[in-house]
Amino acid sequence: MSSRSPALAIVVVAGLTASLTGAADAQNAPSNEIPCSAIDSIGTAEMANDGTITLHLQSLWPDPIAEGELVYAPDDPQYDEIKQHIGDIHPGDKKPVKPWC
């Protein structure tokens, strides 16, 4: 079973998403906002032989300041949601992770 809480995963993803758009500086700086639909990938997903999915996520330009790794075992309560978001993935596969828009 995974040792991290679902709330932590939400905070990490929310933090990465916020840094993608430069939300923290949007009030005082010219807009460098990148529409979510224009982003192909925020990292990669790998599936181990036992079905465990590891997400390697990073924020993107203009402020690549955050990286994270989230691991979802098959018995994790969020496993099915993550697998559905990633799409067709099988043991040994490595795929890009689209943003949560």
# chains A, B, ... in the order shown; residues from 1 in each chain; ligands from 1

call {"tool": "closest_atom_pairs", "arguments": {"of": "region 42-67 of chain A", "to": "region 72-92 of chain A", "cutoff": "10 Å", "atoms": "only C-alpha atoms", "output": "JSON lines"}}
result
{"residue": "A:Thr44", "atom": "CA", "partner": "A:Ile86", "partner_atom": "CA", "distance": 9.3}
{"residue": "A:Ala45", "atom": "CA", "partner": "A:Ile86", "partner_atom": "CA", "distance": 7.4}
{"residue": "A:Glu46", "atom": "CA", "partner": "A:Gly92", "partner_atom": "CA", "distance": 7.0}
{"residue": "A:Met47", "atom": "CA", "partner": "A:Pro91", "partner_atom": "CA", "distance": 4.9}
{"residue": "A:Ala48", "atom": "CA", "partner": "A:Pro91", "partner_atom": "CA", "distance": 5.2}
{"residue": "A:Asn49", "atom": "CA", "partner": "A:Pro91", "partner_atom": "CA", "distance": 4.8}
{"residue": "A:Asp50", "atom": "CA", "partner": "A:Pro91", "partner_atom": "CA", "distance": 7.2}
{"residue": "A:Gly51", "atom": "CA", "partner": "A:Pro91", "partner_atom": "CA", "distance": 6.0}
{"residue": "A:Thr52", "atom": "CA", "partner": "A:Ala73", "partner_atom": "CA", "distance": 4.4}
{"residue": "A:Ile53", "atom": "CA", "partner": "A:Tyr72", "partner_atom": "CA", "distance": 5.1}
{"residue": "A:Thr54", "atom": "CA", "partner": "A:Tyr72", "partner_atom": "CA", "distance": 6.3}
{"residue": "A:Leu55", "atom": "CA", "partner": "A:Tyr72", "partner_atom": "CA", "distance": 8.3}

call {"tool": "atom_distance", "arguments": {"atom1": "CA of Leu57 (chain A)", "atom2": "CA of Ile39 (chain A)"}}
result
13.1 Å

call {"tool": "residues_around", "arguments": {"residues": "Pro99 (chain A)", "least_positions_apart": "5", "cutoff": "8 Å", "atoms": "only C-alpha atoms", "output": "list in words"}}
result
Thr17, Cys36, Ile39, Asp40, Ser41 and Ile42 of chain A

call {"tool": "atom_distance", "arguments": {"atom1": "CA of Glu33 (chain A)", "atom2": "CA of Val71 (chain A)"}}
result
28.9 Å

call {"tool": "decode", "arguments": {"residues": "region 26-76 of chain A", "atoms": "N, CA and C atoms", "output": "compact mmCIF listing (two decimals), in the first residue's frame"}}
result
# COMPACT_ATOMS: atom_id res chain seq x y z
N ALA A 26 1.19 36.36 -11.72
CA ALA A 26 0.33 36.83 -12.80
C ALA A 26 -0.16 38.26 -12.58
N GLN A 27 -0.32 38.68 -11.33
CA GLN A 27 -0.83 40.02 -11.07
C GLN A 27 0.17 41.11 -11.45
N ASN A 28 1.46 40.87 -11.24
CA ASN A 28 2.47 41.92 -11.36
C ASN A 28 3.34 41.81 -12.59
N ALA A 29 3.21 40.78 -13.36
CA ALA A 29 4.10 40.57 -14.50
C ALA A 29 3.28 40.44 -15.77
N PRO A 30 3.92 40.72 -16.90
CA PRO A 30 3.24 40.47 -18.16
C PRO A 30 2.84 39.01 -18.24
N SER A 31 1.76 38.73 -18.91
CA SER A 31 1.24 37.36 -18.95
C SER A 31 2.12 36.47 -19.81
N ASN A 32 2.69 35.45 -19.18
CA ASN A 32 3.42 34.39 -19.88
C ASN A 32 2.62 33.11 -19.80
N GLU A 33 1.35 33.24 -19.48
CA GLU A 33 0.51 32.07 -19.24
C GLU A 33 0.44 31.19 -20.47
N ILE A 34 0.59 29.91 -20.23
CA ILE A 34 0.49 28.91 -21.28
C ILE A 34 -0.84 28.20 -21.09
N PRO A 35 -1.71 28.22 -22.08
CA PRO A 35 -2.99 27.52 -21.92
C PRO A 35 -2.75 26.03 -21.67
N CYS A 36 -3.51 25.47 -20.76
CA CYS A 36 -3.36 24.06 -20.42
C CYS A 36 -3.47 23.17 -21.67
N SER A 37 -4.37 23.53 -22.56
CA SER A 37 -4.58 22.73 -23.77
C SER A 37 -3.35 22.71 -24.68
N ALA A 38 -2.43 23.67 -24.49
CA ALA A 38 -1.24 23.75 -25.33
C ALA A 38 -0.08 22.90 -24.79
N ILE A 39 -0.26 22.33 -23.60
CA ILE A 39 0.81 21.55 -22.97
C ILE A 39 0.58 20.07 -23.26
N ASP A 40 1.57 19.46 -23.88
CA ASP A 40 1.46 18.04 -24.22
C ASP A 40 1.74 17.13 -23.04
N SER A 41 2.69 17.52 -22.18
CA SER A 41 3.12 16.63 -21.12
C SER A 41 3.67 17.41 -19.93
N ILE A 42 3.38 16.91 -18.73
CA ILE A 42 3.98 17.48 -17.52
C ILE A 42 4.94 16.48 -16.88
N GLY A 43 5.27 15.43 -17.60
CA GLY A 43 6.19 14.43 -17.10
C GLY A 43 5.95 13.09 -17.74
N THR A 44 6.39 12.05 -17.05
CA THR A 44 6.23 10.70 -17.57
C THR A 44 5.61 9.78 -16.52
N ALA A 45 5.01 8.73 -17.01
CA ALA A 45 4.45 7.67 -16.16
C ALA A 45 5.11 6.37 -16.58
N GLU A 46 5.52 5.58 -15.60
CA GLU A 46 6.09 4.27 -15.86
C GLU A 46 5.31 3.23 -15.08
N MET A 47 5.09 2.08 -15.69
CA MET A 47 4.43 0.98 -14.98
C MET A 47 5.44 -0.14 -14.78
N ALA A 48 5.60 -0.53 -13.52
CA ALA A 48 6.49 -1.63 -13.16
C ALA A 48 5.80 -2.97 -13.45
N ASN A 49 6.56 -4.03 -13.37
CA ASN A 49 6.02 -5.36 -13.64
C ASN A 49 4.89 -5.75 -12.70
N ASP A 50 4.90 -5.20 -11.47
CA ASP A 50 3.83 -5.50 -10.52
C ASP A 50 2.61 -4.59 -10.68
N GLY A 51 2.64 -3.72 -11.70
CA GLY A 51 1.52 -2.82 -11.96
C GLY A 51 1.63 -1.46 -11.30
N THR A 52 2.63 -1.27 -10.45
CA THR A 52 2.82 0.02 -9.79
C THR A 52 3.10 1.10 -10.83
N ILE A 53 2.43 2.24 -10.69
CA ILE A 53 2.62 3.37 -11.60
C ILE A 53 3.41 4.44 -10.87
N THR A 54 4.50 4.88 -11.48
CA THR A 54 5.30 5.98 -10.94
C THR A 54 5.19 7.16 -11.88
N LEU A 55 4.75 8.30 -11.34
CA LEU A 55 4.68 9.54 -12.10
C LEU A 55 5.91 10.38 -11.77
N HIS A 56 6.60 10.82 -12.79
CA HIS A 56 7.73 11.75 -12.66
C HIS A 56 7.21 13.06 -13.25
N LEU A 57 6.89 14.02 -12.39
CA LEU A 57 6.26 15.26 -12.84
C LEU A 57 7.17 16.45 -12.63
N GLN A 58 7.05 17.45 -13.52
CA GLN A 58 7.81 18.68 -13.36
C GLN A 58 7.00 19.86 -13.89
N SER A 59 7.29 21.01 -13.31
CA SER A 59 6.68 22.23 -13.84
C SER A 59 7.45 22.60 -15.11
N LEU A 60 6.86 23.45 -15.91
CA LEU A 60 7.45 23.79 -17.21
C LEU A 60 7.76 25.27 -17.30
N TRP A 61 8.39 25.65 -18.39
CA TRP A 61 8.72 27.03 -18.68
C TRP A 61 7.47 27.89 -18.50
N PRO A 62 7.56 29.10 -18.01
CA PRO A 62 8.78 29.86 -17.80
C PRO A 62 9.41 29.67 -16.42
N ASP A 63 8.81 28.94 -15.54
CA ASP A 63 9.33 28.76 -14.18
C ASP A 63 9.47 27.29 -13.83
N PRO A 64 10.48 26.60 -14.38
CA PRO A 64 10.64 25.18 -14.06
C PRO A 64 11.25 25.01 -12.66
N ILE A 65 10.41 25.16 -11.64
CA ILE A 65 10.92 25.20 -10.27
C ILE A 65 10.53 23.99 -9.43
N ALA A 66 9.72 23.11 -9.95
CA ALA A 66 9.24 22.01 -9.12
C ALA A 66 9.34 20.68 -9.86
N GLU A 67 9.71 19.67 -9.10
CA GLU A 67 9.73 18.30 -9.60
C GLU A 67 9.11 17.42 -8.54
N GLY A 68 8.51 16.34 -8.95
CA GLY A 68 7.94 15.42 -7.98
C GLY A 68 7.83 14.03 -8.54
N GLU A 69 7.80 13.08 -7.65
CA GLU A 69 7.60 11.68 -8.02
C GLU A 69 6.49 11.13 -7.14
N LEU A 70 5.48 10.59 -7.76
CA LEU A 70 4.35 9.99 -7.05
C LEU A 70 4.24 8.53 -7.46
N VAL A 71 4.05 7.66 -6.48
CA VAL A 71 4.00 6.22 -6.73
C VAL A 71 2.62 5.70 -6.32
N TYR A 72 1.99 4.98 -7.23
CA TYR A 72 0.66 4.43 -6.99
C TYR A 72 0.70 2.92 -7.17
N ALA A 73 0.59 2.18 -6.07
CA ALA A 73 0.50 0.73 -6.11
C ALA A 73 -0.92 0.34 -6.54
N PRO A 74 -1.10 -0.86 -7.08
CA PRO A 74 -2.44 -1.26 -7.53
C PRO A 74 -3.52 -1.21 -6.45
N ASP A 75 -3.14 -1.29 -5.17
CA ASP A 75 -4.14 -1.22 -4.10
C ASP A 75 -4.36 0.20 -3.57
N ASP A 76 -3.72 1.19 -4.21
CA ASP A 76 -3.90 2.59 -3.81
C ASP A 76 -5.31 3.05 -4.19
